[in-house]
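Taking it in order: structure first as structure tokens, then the write-up.
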Amino acid sequence: MNALLTQLRALVGDAHVLTHDDPATDLSAWEQDWRKRAHGRALAVVRPGSTDEVAGVVKACVAARVSIVPQGGNTGMVVGSVPDDTGTQVVLSLSRMKAVRELDAANLTITVEAGCVLQELQETAERAELLFPLSLAAEGSCTIGGNLATNAGGTQVVRYGNTRDLCLGLEVVTAQGQIWHGLGGLRKDNTGYDLRNLFVGSEGTLGIITAATLKLYPRPAARLTAWTAVPSLDAAVELLGLAHQHLGAGLTGFEVMGQFALSLVNKHFSQLRVPLWRDTPYCVLLENSDSESEAHARAQFERLLETALEREVLNDAVVAENLAQAQQLWHIRESIPLAQAEEGLNIKHDISVPVSRIPAFCHETDALLQREIPGVRLVNFGHLGDGNLHYNVQAPEGTDGPLFLKSYEEKVNSLVFDAVKRYHGSISAEHGIGSLKVGKLPLYKDPVAMALMRQIKLSLDPLNLLNPGRVIEP
Ligand SMILES: Cc1cc2nc3c(=O)[nH]c(=O)nc-3n(C[C@H](O)[C@H](O)[C@H](O)COP(=O)(O)OP(=O)(O)OC[C@H]3O[C@@H](n4cnc5c(N)ncnc54)[C@H](O)[C@@H]3O)c2cc1C
């Protein structure tokens with residue numbers, strides 16, 4: 001291993017190969033996942049500064065038969081970006097590769113390196129009076145390489161799609177250390193298999209994304225946010241239909257939040273002043289982006305809310321008066337995961353079912369869980385506009401969190417995932433498979449799809465050196 005480390009130092013510079021040999025170096029930021037569910041031990045953390053250096057690192061690791069764990073901002077939710085505990089894996093951090101290579105305003109595209117932090121990318125677009133619409137609560141830390149590798153979703157999918165839909169081209173270092181030059185701002189290209197879409201969502205198991213060309217959009221003239229109280233989940237789905245009708249492409253956000261989820265924000269972050277939650281089972285946060293003017297957006301919103309009130313699909317609503325108020329409302333929504341963490345350990349799910357079937361799914365699964373674990377508390381919230389719920393299960397009041405997880409995690413996962421399957425849904429809508437769900441995937445995914453995925457992994461990474469143990473066991 002010493003020969004490999006010497007080679008890696010020669011490739012990227014001594015300062016960018018971090019190991020446990022130096023007692024002053026603390027590697028825990030790279031070795032522990034965001035949710036603190038896993039703490040591995042790396043042979044080294046290597047931080048190349050260019051695509052050629054990434055290729056060199058991969059070739060050296062392949063020659064030494066050492067496996068590689070690509071890492072961006074390490075905000076992933078499924079234990080996919082940290083090493084195992086063998087001390088034999090190299091963490092390849094893209095954090096030094098942050099450059100914006102090109103912004104082509106006329107083509108509405110931007111080309112950035114994989115380590116570029118999402119918020120910095122959004123701000124670069126904004127300075128050019130354009131919009132990069134991907135938006136999620138981890139945007140201050142997650143990187144575009146990680147977003148692509150996990151095909152991240154976030155709050156704007158209902159209008160702009162997942163990260164996959166925002167990507168026009170990629171530069172990738174293969175498992176053999178070759179460079180695929182697939183950057184380019186083409187919106188049409190039918191020249192064979194779509195390699196770009198193979199790497200997007202592959203969670204570092206097929207190649208290392210080093211740069212990407214992404215779509216930009218004109219900035220909306222106005223963005224308005226409304227917070228509404230709805231009498232049921234069925235009403236929330238009906239409100240979504242009305243919002244599509246009234247706002248068309250202006251509908252850029254539609255988030256549902258259950259009463260218990262909001263009660264946790266109220267309990268743990270009382271300064272946030274959650275509106276309208278006490279007397280309603282669900283609240284919905286809507287965003288309307290308008291290319292004309294704020295007055296136009298407000299008039300559209302008013303017509304929508306009036307119709308919804310008349311049809312009794314909502315009980316009450318507040319429309320943010322200004323940007324600061326809108327940000328406060330979004331902040332409440334984004335604080336739910338943190339409030340939930342404050343309440344104690346819980347079992348997280350990130351599932352999707354067709355929007356039309358969400359109410360039936362929740363009625364059935366809520367009742368099942370209550371029957372099996374009396375007093376269990378459901379933290380249900382998410383991107384209803386995309387059929388995606390964070391359907392999380394919190395221990396009954398007063399129950400010890402770790403004990404609850406130990407006793408019930410397996411059972412709760414099976415109950416929820418079996419229900420998802422009955423409703424033709426997905427056990428991972430956003431966060432991916434990582435190592436957390438690698439054992440579950442074959443139980444819930446079509447066997448032919450699993451076999452094809454195994455063949456793809458084998459042909460692109462026959463030595464199984466790229467993020468082994470994640471997504472699929474070859
Ligand atoms: C508070 C919070 C809110 C979140 N909200 C959302 C949300 O709304 N929607 C959503 O989809 N996700 C969400 N996430 C999850 C997470 O932020 C995303 O998965 C994000 O895309 C991960 O980016 P990252 O740079 O941190 O990647 P990492 O965590 O470093 O890596 C994630 C995976 O991608 C691989 N990878 C990373 N970089 C590369 C690369 N350059 N080439 C190849 N593989 C690579 C890693 O090996 C790993 O498998 C949230 C996370 C947090 C902490």
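Identifiers in this document derive from the order of the structure tokens: chains are assigned A, B, ..., residues are numbered from 1 separately in each chain, and ligands are numbered from 1 in order of occurrence.
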
Problem set entry | 7 Å shell around ligand 1 using only C-alpha atoms and all ligand atoms, listed as a PyMOL selection string | chain A and resi 34+69-77+80-81+94+114-115+136-138+141-155+203-204+207-210+337+430-431+434+467

For this session: as a list in words, list the residues of region 136-205 of chain A assigned to strand (DSSP E or B) by DSSP on the backbone atoms of this structure.
Result: Thr143, Cys167, Leu168, Gly169, Leu170, Glu171, Val172, Val173, Thr174, Ile179, Trp180, His181 and Gly182 of chain A

Residues of the last selection are to be written out with all heavy atoms, as an mmCIF file, in the first residue's frame.
```cif
data_model
loop_
_atom_site.group_PDB
_atom_site.id
_atom_site.type_symbol
_atom_site.label_atom_id
_atom_site.label_comp_id
_atom_site.auth_asym_id
_atom_site.auth_seq_id
_atom_site.Cartn_x
_atom_site.Cartn_y
_atom_site.Cartn_z
ATOM 1 N N THR A 143 -22.644 18.833 -3.773
ATOM 2 C CA THR A 143 -21.958 19.238 -4.997
ATOM 3 C C THR A 143 -22.746 18.775 -6.227
ATOM 4 O O THR A 143 -23.535 17.826 -6.138
ATOM 5 C CB THR A 143 -20.569 18.582 -5.073
ATOM 6 O OG1 THR A 143 -20.757 17.156 -5.122
ATOM 7 C CG2 THR A 143 -19.709 18.950 -3.884
ATOM 8 N N CYS A 167 -29.489 17.911 -17.059
ATOM 9 C CA CYS A 167 -28.129 17.611 -17.530
ATOM 10 C C CYS A 167 -28.102 17.369 -19.041
ATOM 11 O O CYS A 167 -28.852 16.536 -19.555
ATOM 12 C CB CYS A 167 -27.620 16.373 -16.789
ATOM 13 S SG CYS A 167 -25.990 15.868 -17.326
ATOM 14 N N LEU A 168 -27.197 18.078 -19.729
ATOM 15 C CA LEU A 168 -27.071 17.891 -21.186
ATOM 16 C C LEU A 168 -25.802 17.129 -21.562
ATOM 17 O O LEU A 168 -25.743 16.545 -22.638
ATOM 18 C CB LEU A 168 -27.077 19.246 -21.898
ATOM 19 C CG LEU A 168 -28.392 20.036 -21.822
ATOM 20 C CD1 LEU A 168 -28.216 21.408 -22.451
ATOM 21 C CD2 LEU A 168 -29.526 19.284 -22.502
ATOM 22 N N GLY A 169 -24.808 17.184 -20.713
ATOM 23 C CA GLY A 169 -23.558 16.495 -21.067
ATOM 24 C C GLY A 169 -22.718 16.207 -19.841
ATOM 25 O O GLY A 169 -22.869 16.856 -18.810
ATOM 26 N N LEU A 170 -21.838 15.221 -19.980
ATOM 27 C CA LEU A 170 -20.985 14.835 -18.841
ATOM 28 C C LEU A 170 -19.556 14.589 -19.289
ATOM 29 O O LEU A 170 -19.309 14.196 -20.440
ATOM 30 C CB LEU A 170 -21.470 13.512 -18.231
ATOM 31 C CG LEU A 170 -22.721 13.472 -17.373
ATOM 32 C CD1 LEU A 170 -22.935 12.048 -16.859
ATOM 33 C CD2 LEU A 170 -22.641 14.437 -16.209
ATOM 34 N N GLU A 171 -18.645 14.802 -18.372
ATOM 35 C CA GLU A 171 -17.269 14.320 -18.522
ATOM 36 C C GLU A 171 -17.082 13.293 -17.408
ATOM 37 O O GLU A 171 -17.392 13.578 -16.245
ATOM 38 C CB GLU A 171 -16.306 15.490 -18.341
ATOM 39 C CG GLU A 171 -14.844 15.134 -18.467
ATOM 40 C CD GLU A 171 -14.007 16.374 -18.149
ATOM 41 O OE1 GLU A 171 -13.675 16.584 -16.960
ATOM 42 O OE2 GLU A 171 -13.694 17.136 -19.079
ATOM 43 N N VAL A 172 -16.616 12.099 -17.779
ATOM 44 C CA VAL A 172 -16.567 11.006 -16.802
ATOM 45 C C VAL A 172 -15.223 10.284 -16.913
ATOM 46 O O VAL A 172 -14.735 10.032 -18.022
ATOM 47 C CB VAL A 172 -17.714 9.989 -17.075
ATOM 48 C CG1 VAL A 172 -17.588 8.758 -16.176
ATOM 49 C CG2 VAL A 172 -19.079 10.646 -16.870
ATOM 50 N N VAL A 173 -14.654 9.958 -15.764
ATOM 51 C CA VAL A 173 -13.493 9.062 -15.750
ATOM 52 C C VAL A 173 -14.025 7.650 -15.505
ATOM 53 O O VAL A 173 -14.751 7.399 -14.534
ATOM 54 C CB VAL A 173 -12.486 9.476 -14.656
ATOM 55 C CG1 VAL A 173 -11.397 8.427 -14.507
ATOM 56 C CG2 VAL A 173 -11.864 10.836 -15.007
ATOM 57 N N THR A 174 -13.687 6.752 -16.408
ATOM 58 C CA THR A 174 -14.220 5.389 -16.329
ATOM 59 C C THR A 174 -13.475 4.575 -15.268
ATOM 60 O O THR A 174 -12.444 5.016 -14.735
ATOM 61 C CB THR A 174 -14.070 4.652 -17.672
ATOM 62 O OG1 THR A 174 -12.667 4.429 -17.889
ATOM 63 C CG2 THR A 174 -14.650 5.446 -18.824
ATOM 64 N N ILE A 179 -10.880 8.847 -20.016
ATOM 65 C CA ILE A 179 -11.759 10.025 -19.874
ATOM 66 C C ILE A 179 -12.779 10.023 -21.002
ATOM 67 O O ILE A 179 -12.404 10.016 -22.187
ATOM 68 C CB ILE A 179 -10.939 11.334 -19.904
ATOM 69 C CG1 ILE A 179 -9.907 11.321 -18.777
ATOM 70 C CG2 ILE A 179 -11.875 12.549 -19.766
ATOM 71 C CD1 ILE A 179 -8.908 12.471 -18.839
ATOM 72 N N TRP A 180 -14.061 10.006 -20.656
ATOM 73 C CA TRP A 180 -15.125 10.157 -21.661
ATOM 74 C C TRP A 180 -15.464 11.652 -21.762
ATOM 75 O O TRP A 180 -15.939 12.247 -20.804
ATOM 76 C CB TRP A 180 -16.380 9.360 -21.284
ATOM 77 C CG TRP A 180 -17.546 9.680 -22.190
ATOM 78 C CD1 TRP A 180 -17.528 9.779 -23.543
ATOM 79 C CD2 TRP A 180 -18.878 9.988 -21.798
ATOM 80 N NE1 TRP A 180 -18.768 10.121 -24.027
ATOM 81 C CE2 TRP A 180 -19.624 10.248 -22.976
ATOM 82 C CE3 TRP A 180 -19.545 10.067 -20.564
ATOM 83 C CZ2 TRP A 180 -20.977 10.591 -22.962
ATOM 84 C CZ3 TRP A 180 -20.887 10.395 -20.558
ATOM 85 C CH2 TRP A 180 -21.583 10.650 -21.733
ATOM 86 N N HIS A 181 -15.191 12.241 -22.945
ATOM 87 C CA HIS A 181 -15.455 13.667 -23.140
ATOM 88 C C HIS A 181 -16.869 13.833 -23.672
ATOM 89 O O HIS A 181 -17.088 13.955 -24.867
ATOM 90 C CB HIS A 181 -14.434 14.258 -24.120
ATOM 91 C CG HIS A 181 -13.028 14.201 -23.595
ATOM 92 N ND1 HIS A 181 -12.538 15.093 -22.661
ATOM 93 C CD2 HIS A 181 -12.008 13.342 -23.840
ATOM 94 C CE1 HIS A 181 -11.291 14.790 -22.364
ATOM 95 N NE2 HIS A 181 -10.943 13.727 -23.072
ATOM 96 N N GLY A 182 -17.831 13.821 -22.802
ATOM 97 C CA GLY A 182 -19.241 13.891 -23.233
ATOM 98 C C GLY A 182 -19.898 15.215 -22.893
ATOM 99 O O GLY A 182 -21.129 15.287 -22.800
#
```

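With only C-alpha atoms as the atoms that count, the residue of A:Glu312, A:Glu120, A:Glu287, A:Glu409 with the shortest distance to Ala236 (chain A) is A:Glu312.
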
Problem set entry | Sel. of helix (DSSP H, G or I) residues, region 41-259 of chain A, as an NGL selection string | :A and (51-63 or 118-127 or 144-150 or 157-160 or 163-166 or 195-199 or 233-250 or 259)

Same residues, C-alpha atoms, saved as a PDB file, in the first residue's frame:
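Writing the result to selection-v1.pdb gives the following:
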```pdb
ATOM      1  CA  THR A  51      -9.719  15.478 -14.598  1.00  0.00           C
ATOM      2  CA  ASP A  52      -6.291  14.178 -15.656  1.00  0.00           C
ATOM      3  CA  GLU A  53      -5.382  13.749 -11.999  1.00  0.00           C
ATOM      4  CA  VAL A  54      -8.649  11.847 -11.354  1.00  0.00           C
ATOM      5  CA  ALA A  55      -7.783   9.552 -14.278  1.00  0.00           C
ATOM      6  CA  GLY A  56      -4.270   9.041 -12.871  1.00  0.00           C
ATOM      7  CA  VAL A  57      -5.635   8.196  -9.405  1.00  0.00           C
ATOM      8  CA  VAL A  58      -8.085   5.661 -10.871  1.00  0.00           C
ATOM      9  CA  LYS A  59      -5.353   3.987 -12.943  1.00  0.00           C
ATOM     10  CA  ALA A  60      -3.055   3.734  -9.907  1.00  0.00           C
ATOM     11  CA  CYS A  61      -5.823   2.268  -7.746  1.00  0.00           C
ATOM     12  CA  VAL A  62      -6.816  -0.230 -10.446  1.00  0.00           C
ATOM     13  CA  ALA A  63      -3.207  -1.386 -10.793  1.00  0.00           C
ATOM     14  CA  LEU A 118     -24.878  23.611  -5.667  1.00  0.00           C
ATOM     15  CA  GLN A 119     -25.448  26.995  -4.014  1.00  0.00           C
ATOM     16  CA  GLU A 120     -22.391  28.454  -5.762  1.00  0.00           C
ATOM     17  CA  LEU A 121     -23.750  27.215  -9.067  1.00  0.00           C
ATOM     18  CA  GLN A 122     -27.149  28.800  -8.345  1.00  0.00           C
ATOM     19  CA  GLU A 123     -25.417  32.085  -7.474  1.00  0.00           C
ATOM     20  CA  THR A 124     -23.287  32.033 -10.634  1.00  0.00           C
ATOM     21  CA  ALA A 125     -26.441  31.611 -12.720  1.00  0.00           C
ATOM     22  CA  GLU A 126     -28.153  34.392 -10.789  1.00  0.00           C
ATOM     23  CA  ARG A 127     -25.292  36.823 -11.468  1.00  0.00           C
ATOM     24  CA  ILE A 144     -23.202  19.013  -8.551  1.00  0.00           C
ATOM     25  CA  GLY A 145     -21.245  15.746  -8.995  1.00  0.00           C
ATOM     26  CA  GLY A 146     -23.123  14.260  -6.025  1.00  0.00           C
ATOM     27  CA  ASN A 147     -26.426  15.673  -7.298  1.00  0.00           C
ATOM     28  CA  LEU A 148     -25.859  13.979 -10.647  1.00  0.00           C
ATOM     29  CA  ALA A 149     -24.589  10.735  -9.128  1.00  0.00           C
ATOM     30  CA  THR A 150     -27.758  10.506  -6.994  1.00  0.00           C
ATOM     31  CA  VAL A 157     -39.083  18.900  -9.671  1.00  0.00           C
ATOM     32  CA  VAL A 158     -42.774  19.485 -10.385  1.00  0.00           C
ATOM     33  CA  ARG A 159     -41.697  22.132 -12.946  1.00  0.00           C
ATOM     34  CA  TYR A 160     -38.057  21.455 -13.904  1.00  0.00           C
ATOM     35  CA  THR A 163     -31.120  16.552 -11.861  1.00  0.00           C
ATOM     36  CA  ARG A 164     -31.161  14.098 -14.779  1.00  0.00           C
ATOM     37  CA  ASP A 165     -33.542  16.404 -16.648  1.00  0.00           C
ATOM     38  CA  LEU A 166     -31.202  19.354 -16.117  1.00  0.00           C
ATOM     39  CA  LEU A 195     -24.349   7.096 -21.834  1.00  0.00           C
ATOM     40  CA  ARG A 196     -25.096  10.278 -19.924  1.00  0.00           C
ATOM     41  CA  ASN A 197     -28.227   8.776 -18.430  1.00  0.00           C
ATOM     42  CA  LEU A 198     -26.321   5.651 -17.489  1.00  0.00           C
ATOM     43  CA  PHE A 199     -23.938   7.604 -15.275  1.00  0.00           C
ATOM     44  CA  LEU A 233     -54.703  14.194   1.822  1.00  0.00           C
ATOM     45  CA  ASP A 234     -57.428  13.627  -0.795  1.00  0.00           C
ATOM     46  CA  ALA A 235     -58.063  17.387  -0.696  1.00  0.00           C
ATOM     47  CA  ALA A 236     -54.317  18.038  -1.086  1.00  0.00           C
ATOM     48  CA  VAL A 237     -54.279  15.938  -4.273  1.00  0.00           C
ATOM     49  CA  GLU A 238     -57.339  17.797  -5.560  1.00  0.00           C
ATOM     50  CA  LEU A 239     -55.611  21.096  -4.779  1.00  0.00           C
ATOM     51  CA  LEU A 240     -52.625  19.909  -6.800  1.00  0.00           C
ATOM     52  CA  GLY A 241     -54.895  19.305  -9.808  1.00  0.00           C
ATOM     53  CA  LEU A 242     -56.377  22.791  -9.460  1.00  0.00           C
ATOM     54  CA  ALA A 243     -52.900  24.297  -9.121  1.00  0.00           C
ATOM     55  CA  HIS A 244     -51.787  22.600 -12.364  1.00  0.00           C
ATOM     56  CA  GLN A 245     -54.901  23.970 -14.102  1.00  0.00           C
ATOM     57  CA  HIS A 246     -54.615  27.542 -12.796  1.00  0.00           C
ATOM     58  CA  LEU A 247     -50.843  28.029 -12.749  1.00  0.00           C
ATOM     59  CA  GLY A 248     -49.689  25.806 -15.624  1.00  0.00           C
ATOM     60  CA  ALA A 249     -45.885  25.896 -15.898  1.00  0.00           C
ATOM     61  CA  GLY A 250     -45.888  28.544 -13.126  1.00  0.00           C
ATOM     62  CA  GLN A 259     -49.694  17.900  11.386  1.00  0.00           C
TER      63      GLN A 259
END
```

Exercise. So which one's closest to Pro83 (chain A), A:Ala449, A:Leu11, A:Ser435, A:Pro275? Using only C-alpha atoms, please.
Worked result: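 The answer is A:Ser435, which sits nearest to Pro83 (chain A).
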
Exercise. What is the distance, in Å and to one decimal place, between CA of Leu466 (chain A) and CA of Leu8 (chain A)?
Worked result: 16.9 Å

Find the residues of region 223-334 of chain A that sit at most 12 Å from region 364-378 of chain A; for each, write down the nearest two atoms and how far apart they are in Å, to one decimal. Count only C-alpha atoms. Sort by chain, then by number going up, and give it as a tab-separated table.
```
residue	atom	partner	partner_atom	distance
A:Met257	CA	A:Leu378	CA	11.1
A:Gly258	CA	A:Leu378	CA	8.4
A:Gln259	CA	A:Leu378	CA	9.5
A:Phe260	CA	A:Leu378	CA	7.0
A:Ala261	CA	A:Leu378	CA	7.7
A:Leu262	CA	A:Leu378	CA	11.3
A:Ser263	CA	A:Leu378	CA	11.5
A:Leu264	CA	A:Arg377	CA	11.1
A:Pro281	CA	A:Leu378	CA	12.0
```

Selection file, C-alpha atoms, as a short mmCIF file (atom, residue, chain, number, x, y, z; two decimals), in the first residue's frame:
```cif
data_model
loop_
_atom_site.label_atom_id
_atom_site.label_comp_id
_atom_site.auth_asym_id
_atom_site.auth_seq_id
_atom_site.Cartn_x
_atom_site.Cartn_y
_atom_site.Cartn_z
CA MET A 257 -46.64 18.54 5.55
CA GLY A 258 -48.52 16.42 8.09
CA GLN A 259 -49.69 17.90 11.39
CA PHE A 260 -47.31 15.83 13.52
CA ALA A 261 -44.33 16.88 11.38
CA LEU A 262 -45.28 20.54 11.87
CA SER A 263 -45.89 20.04 15.60
CA LEU A 264 -42.22 18.94 15.86
CA PRO A 281 -54.32 17.30 9.40
#
```

For this session: Could you jot down the CA of Phe381 (chain A) to CA of Arg219 (chain A) separation for me, Å, one decimal place?
Result: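 Those two atoms sit 27.9 Å apart.
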